[in-house]
Amino acid sequence: MKAIAGKSFLTLMVLWVLSGSAVWATDAGKPREKQILEDLVVTVTRSEEKIIKVPAKIEVINREEIELTVGDTITEQLKKNTSIGVIEYPGALAGIGIRGFRPEFSGITKRSLTLKNGRPAGATNLATVLVDNIERIEVIKGPASALYGGEAMGGVVNIITKKNTGELTGKAEAGLGSFATHFQKVSLGGGLGSRFDFDIYGRRYDQQDDITVGSGQKRANTSYNTRNGGLRIGADLGDTWRIDVSGDIYQGRDIETPGDIAYGNTHSGNKDIDNFGLDFTIGGDVGMNNRLSFTGYHTGEKAENYYRYSGSTIVPPYRSYDSETSWLGFQLKDDITWSAHRFLLGVDYQKIDKESRKYNTDGSREAPSSPDESRENWAGYLETILKFMDERLTATVGGRYDTFHVKTVETPYKSGFTPNTENFSTFSPRAGLNYLFDPGVRLHTTVGKGFVPPSAFELAGYSEAVVNGATMITEGNANLDPETSITYDVGVGFGRPAWGLSLDATYFHTDVDDKIVSVQTGNYKTYENGLGAEIEGLETMISFDIGAPLGWDRSLELFANATHIFKAEEEQSDRTLKDIHNVAEYTLNYGIQYSDGLFDGKVHVRNQGKMKDTDWVTEGYPEIEYPSFTVVDLAFGVTLFSHHRLLIKVDNLLDKNYYEKKGYPKPGCAFYGSYRFEF
């Protein structure tokens, strides 16, 4: 009865919001300004360009959409606003896949790249990237190796953080929610005098109870707590020169990690996760048509994992595995303008070090499964942006040359292993066209190459292991080439701000070559190139703000975005084709969003189609098919007396019992509420 009463109350609140009531307010004000497509400027192309003039398919999640989307991680925001693929486990483990590539949640050789203000985010596990202090999220769909190098095969996500340079503003927020959840947030930022400005923020989140899934059952070992924060200091050094120094940190503590539900509580554990990032950027004009910028960064990620087999007297809880990854690099860019044209020249450097440690049940060390490794990358790129016909036609062409030096290094406790080094290089071109017609119609197309470098062990590894009395040898292949892809897309868009209408449909096709596979002959295993894959699909989006053509002083927007995968197949060792696992036939988001300056709210529906996977808990590991599902979220807020804001969010409003990864059901209906003071 309480659940029914709660849902009835929420329904009444939604109807009240949509009616535009203005009680409790001293000044109803105007709806929050929405930046129309014609004015929206994106930076994911390594330069500031209006989105309607960029040939690549780009989607932007703005601050208002982030606020009204249920979910605090970057993966939740992406799957609900851009219809890309994700994989999420309870226990803070998540990753993404763009345009039909399998979502990946670990490792340094992924097929999608995540950036923060244009530099590598430094997070293999995207569950550690939270939405606090984010101004907007830019997503480029399609290969961007011509600009960013490896791991940009499926696309790039660029997280733009807040930069308050005007009057001093701040927020303090506290909230409660289902599963004995409570959280607190604070932020402050703005100008200090005529030259200096800053931003500082912090957040603490504690879920003390286990989740309840849609079936009404408790899911044991799912509580956790996190804390994160950051600081930015900026200064104007002259008329055009500026420097910004920033740092951020994430700490996850006592994060419980349940095993597959098929094992009950016998395969649970917990972990601690740390992530940090430091960077500084300096830039300014050199002459009238030349702008230089330099960014240096250092980021790191660390995880400590513990096994806890509940009810077992044979294996007591113990520390099982640790991993550490660090990124160190810089980006130097020269932005040259000539008439309406632009030329971007740049040099990137990056060094990644990865270490791992494994433990026995008695706490002693043992050899990890993979050796420690290092990857060093130098690259130079050139991107030309040419505009013709009164800037109606934009043509882009560019390329990037990458060189890699990879090595496996001495690894404590790992015997029968010989460290080695290898070098390789690759070139990645890309081109695109974009044409704007008078009625608001836009045609756009791109073609480009993407690549993923082989790992250090695949290139230079060597290990021996005794299995059933026989010595098994695994050796890298120095002649491996990077896995590559060629993608082309073509799309048509339409935008009329006066009508409140915006839409786009983009078809894409990807051919993957030189996939790296392991090949075993007797007791000897190595790696080879050879297999391929083919992916094709359609991305669509539409939004219609009813308030625009009717001349309302409030916004009532209907929206939908979807990705339909027509084909996602990869070759097997016997040359047969197989569906790529963990890639849904379609992902569809739709709903309605309202804002009038006093009230705002959003009803969001996410529908995901069927997909294939391997059943890892059934003997023989058969291929299975996941069922489709539909989940509804609700968020609404009210601003009182300008400075006070109440926000309610409901995850899985209809208490759907569903999963995105078999064996790991998602939470059932959950309520969250918060109060915020703003100044």
# chains A, B, ... in the order shown; residues from 1 in each chain; ligands from 1
>>> closest_atom_pairs(of="segment 71-175 of chain A", to="segment 41-57 of chain A", cutoff="10 Å", atoms="only C-alpha atoms", output="tab-separated table")
residue	atom	partner	partner_atom	distance
A:Leu115	CA	A:Val44	CA	8.9
A:Asn117	CA	A:Thr43	CA	8.5
A:Gly118	CA	A:Val44	CA	6.9
A:Arg136	CA	A:Val42	CA	9.8
A:Ile137	CA	A:Val44	CA	9.5
A:Glu138	CA	A:Val44	CA	6.5
A:Val139	CA	A:Val44	CA	7.5
A:Ile140	CA	A:Lys57	CA	5.9
A:Lys141	CA	A:Lys57	CA	5.5
A:Gly142	CA	A:Lys57	CA	7.3
A:Pro143	CA	A:Ala56	CA	9.3
A:Ala144	CA	A:Thr45	CA	8.7
A:Leu147	CA	A:Thr45	CA	7.5
A:Tyr148	CA	A:Arg46	CA	9.0
A:Gly155	CA	A:Lys57	CA	9.7
A:Val156	CA	A:Val44	CA	7.8
A:Val157	CA	A:Val44	CA	7.9
A:Asn158	CA	A:Val44	CA	6.0
A:Ile159	CA	A:Val44	CA	9.0
A:Ile160	CA	A:Thr43	CA	8.8
>>> closest_residue(among="A:Val409, A:Ile473, A:Ala568, A:Val490", to="Tyr435 of chain A", atoms="only C-alpha atoms")
A:Val490
>>> closest_residue(among="A:Lys218, A:Lys649, A:Lys387, A:Arg430", to="Ile261 of chain A", atoms="only C-alpha atoms")
A:Lys218
>>> closest_atom_pairs(of="segment 168-255 of chain A", to="segment 657-670 of chain A", cutoff="7 Å", atoms="only C-alpha atoms", output="Markdown table")
| residue | atom | partner | partner_atom | distance |
| --- | --- | --- | --- | --- |
| A:Ser178 | CA | A:Ala670 | CA | 5.3 |
| A:Ile211 | CA | A:Pro667 | CA | 6.0 |
| A:Thr212 | CA | A:Pro667 | CA | 5.7 |
| A:Val213 | CA | A:Gly668 | CA | 4.3 |
| A:Gly214 | CA | A:Asn657 | CA | 3.7 |
| A:Ser215 | CA | A:Asn657 | CA | 5.5 |
>>> closest_residue(among="A:Tyr621, A:Tyr321, A:Tyr381, A:Trp552", to="Pro429 of chain A", atoms="only C-alpha atoms")
A:Tyr381
>>> residues_around(residues="Thr446 of chain A", least_positions_apart="2", cutoff="6 Å", atoms="only C-alpha atoms", output="count of residues only")
4
>>> select_by_dssp(residues="segment 135-300 of chain A", states="strand (DSSP E or B)", output="PyMOL selection string")
chain A and resi 135-141+155-161+169-177+181-192+196-207+211-213+218-219+224-236+242-257+268-285+290-300
>>> residues_around(residues="Ala303 of chain A", least_positions_apart="2", cutoff="6 Å", atoms="only C-alpha atoms", output="compact mmCIF listing (two decimals) with C-alpha atoms, in the first residue's frame")
# COMPACT_ATOMS: atom_id res chain seq x y z
CA ASP A 272 38.87 -0.26 -2.19
CA ILE A 273 39.35 1.95 -5.25
CA ASP A 322 45.86 -5.40 -6.36
CA SER A 323 46.41 -3.33 -9.49
>>> atom_distance(atom1="atom CA of Ser112 of chain A", atom2="atom CA of Gly154 of chain A")
5.3 Å
>>> residues_around(residues="segment 537-548 of chain A", least_positions_apart="2", cutoff="10 Å", atoms="only C-alpha atoms", output="ChimeraX atom specification")
/A:57,59,82-84,99-100,141,489-510,535,550-568,585-594
>>> write_last_selection(atoms="C-alpha atoms", output="mmCIF file, in the first residue's frame")
data_model
loop_
_atom_site.group_PDB
_atom_site.id
_atom_site.type_symbol
_atom_site.label_atom_id
_atom_site.label_comp_id
_atom_site.auth_asym_id
_atom_site.auth_seq_id
_atom_site.Cartn_x
_atom_site.Cartn_y
_atom_site.Cartn_z
ATOM 1 C CA LYS A 57 28.262 12.755 -35.427
ATOM 2 C CA GLU A 59 25.927 14.457 -29.174
ATOM 3 C CA THR A 82 23.091 8.912 -25.948
ATOM 4 C CA SER A 83 21.911 5.282 -26.308
ATOM 5 C CA ILE A 84 25.390 3.771 -26.302
ATOM 6 C CA ARG A 99 28.682 1.870 -32.286
ATOM 7 C CA GLY A 100 28.483 -1.869 -31.816
ATOM 8 C CA LYS A 141 30.518 8.679 -32.461
ATOM 9 C CA ASP A 489 28.866 7.270 -41.931
ATOM 10 C CA VAL A 490 26.344 9.479 -43.668
ATOM 11 C CA GLY A 491 23.556 11.421 -42.030
ATOM 12 C CA VAL A 492 20.913 14.081 -42.421
ATOM 13 C CA GLY A 493 19.834 16.519 -39.739
ATOM 14 C CA PHE A 494 17.179 19.178 -39.385
ATOM 15 C CA GLY A 495 16.936 22.026 -36.907
ATOM 16 C CA ARG A 496 14.466 24.899 -36.524
ATOM 17 C CA PRO A 497 14.768 26.705 -33.156
ATOM 18 C CA ALA A 498 11.584 28.692 -33.862
ATOM 19 C CA TRP A 499 9.722 25.405 -34.222
ATOM 20 C CA GLY A 500 11.505 23.853 -31.262
ATOM 21 C CA LEU A 501 12.437 20.941 -33.517
ATOM 22 C CA SER A 502 15.741 19.116 -33.923
ATOM 23 C CA LEU A 503 16.402 15.700 -35.455
ATOM 24 C CA ASP A 504 19.142 13.605 -37.026
ATOM 25 C CA ALA A 505 19.538 10.164 -38.605
ATOM 26 C CA THR A 506 23.005 8.717 -39.253
ATOM 27 C CA TYR A 507 23.885 5.395 -40.879
ATOM 28 C CA PHE A 508 27.300 3.890 -40.084
ATOM 29 C CA HIS A 509 29.322 0.930 -41.332
ATOM 30 C CA THR A 510 32.537 -0.447 -39.812
ATOM 31 C CA ILE A 535 29.254 -3.669 -37.817
ATOM 32 C CA LEU A 550 3.478 28.338 -29.020
ATOM 33 C CA GLY A 551 5.551 31.192 -27.598
ATOM 34 C CA TRP A 552 5.449 29.880 -24.029
ATOM 35 C CA ASP A 553 7.783 31.173 -21.323
ATOM 36 C CA ARG A 554 8.411 27.561 -20.328
ATOM 37 C CA SER A 555 9.755 24.460 -22.039
ATOM 38 C CA LEU A 556 7.887 21.187 -22.605
ATOM 39 C CA GLU A 557 10.146 18.912 -24.626
ATOM 40 C CA LEU A 558 9.447 15.502 -26.116
ATOM 41 C CA PHE A 559 12.637 13.607 -26.916
ATOM 42 C CA ALA A 560 13.892 10.294 -28.245
ATOM 43 C CA ASN A 561 17.274 8.887 -29.233
ATOM 44 C CA ALA A 562 18.165 5.401 -30.404
ATOM 45 C CA THR A 563 20.881 3.160 -31.811
ATOM 46 C CA HIS A 564 19.769 0.234 -33.962
ATOM 47 C CA ILE A 565 22.413 -2.382 -34.784
ATOM 48 C CA PHE A 566 21.654 -4.112 -38.075
ATOM 49 C CA LYS A 567 24.780 -6.275 -37.997
ATOM 50 C CA ALA A 568 27.538 -6.879 -35.428
ATOM 51 C CA GLU A 585 19.955 -5.129 -31.113
ATOM 52 C CA TYR A 586 18.803 -1.641 -30.185
ATOM 53 C CA THR A 587 18.820 0.851 -27.341
ATOM 54 C CA LEU A 588 16.024 3.413 -27.223
ATOM 55 C CA ASN A 589 15.556 6.359 -24.858
ATOM 56 C CA TYR A 590 12.471 8.556 -24.918
ATOM 57 C CA GLY A 591 10.411 10.729 -22.605
ATOM 58 C CA ILE A 592 9.271 14.208 -21.713
ATOM 59 C CA GLN A 593 11.096 17.049 -19.942
ATOM 60 C CA TYR A 594 9.600 20.251 -18.476
#
>>> closest_residue(among="A:Gln208, A:Thr639, A:Asn164, A:Ser268", to="Leu192 of chain A", atoms="only C-alpha atoms")
A:Asn164
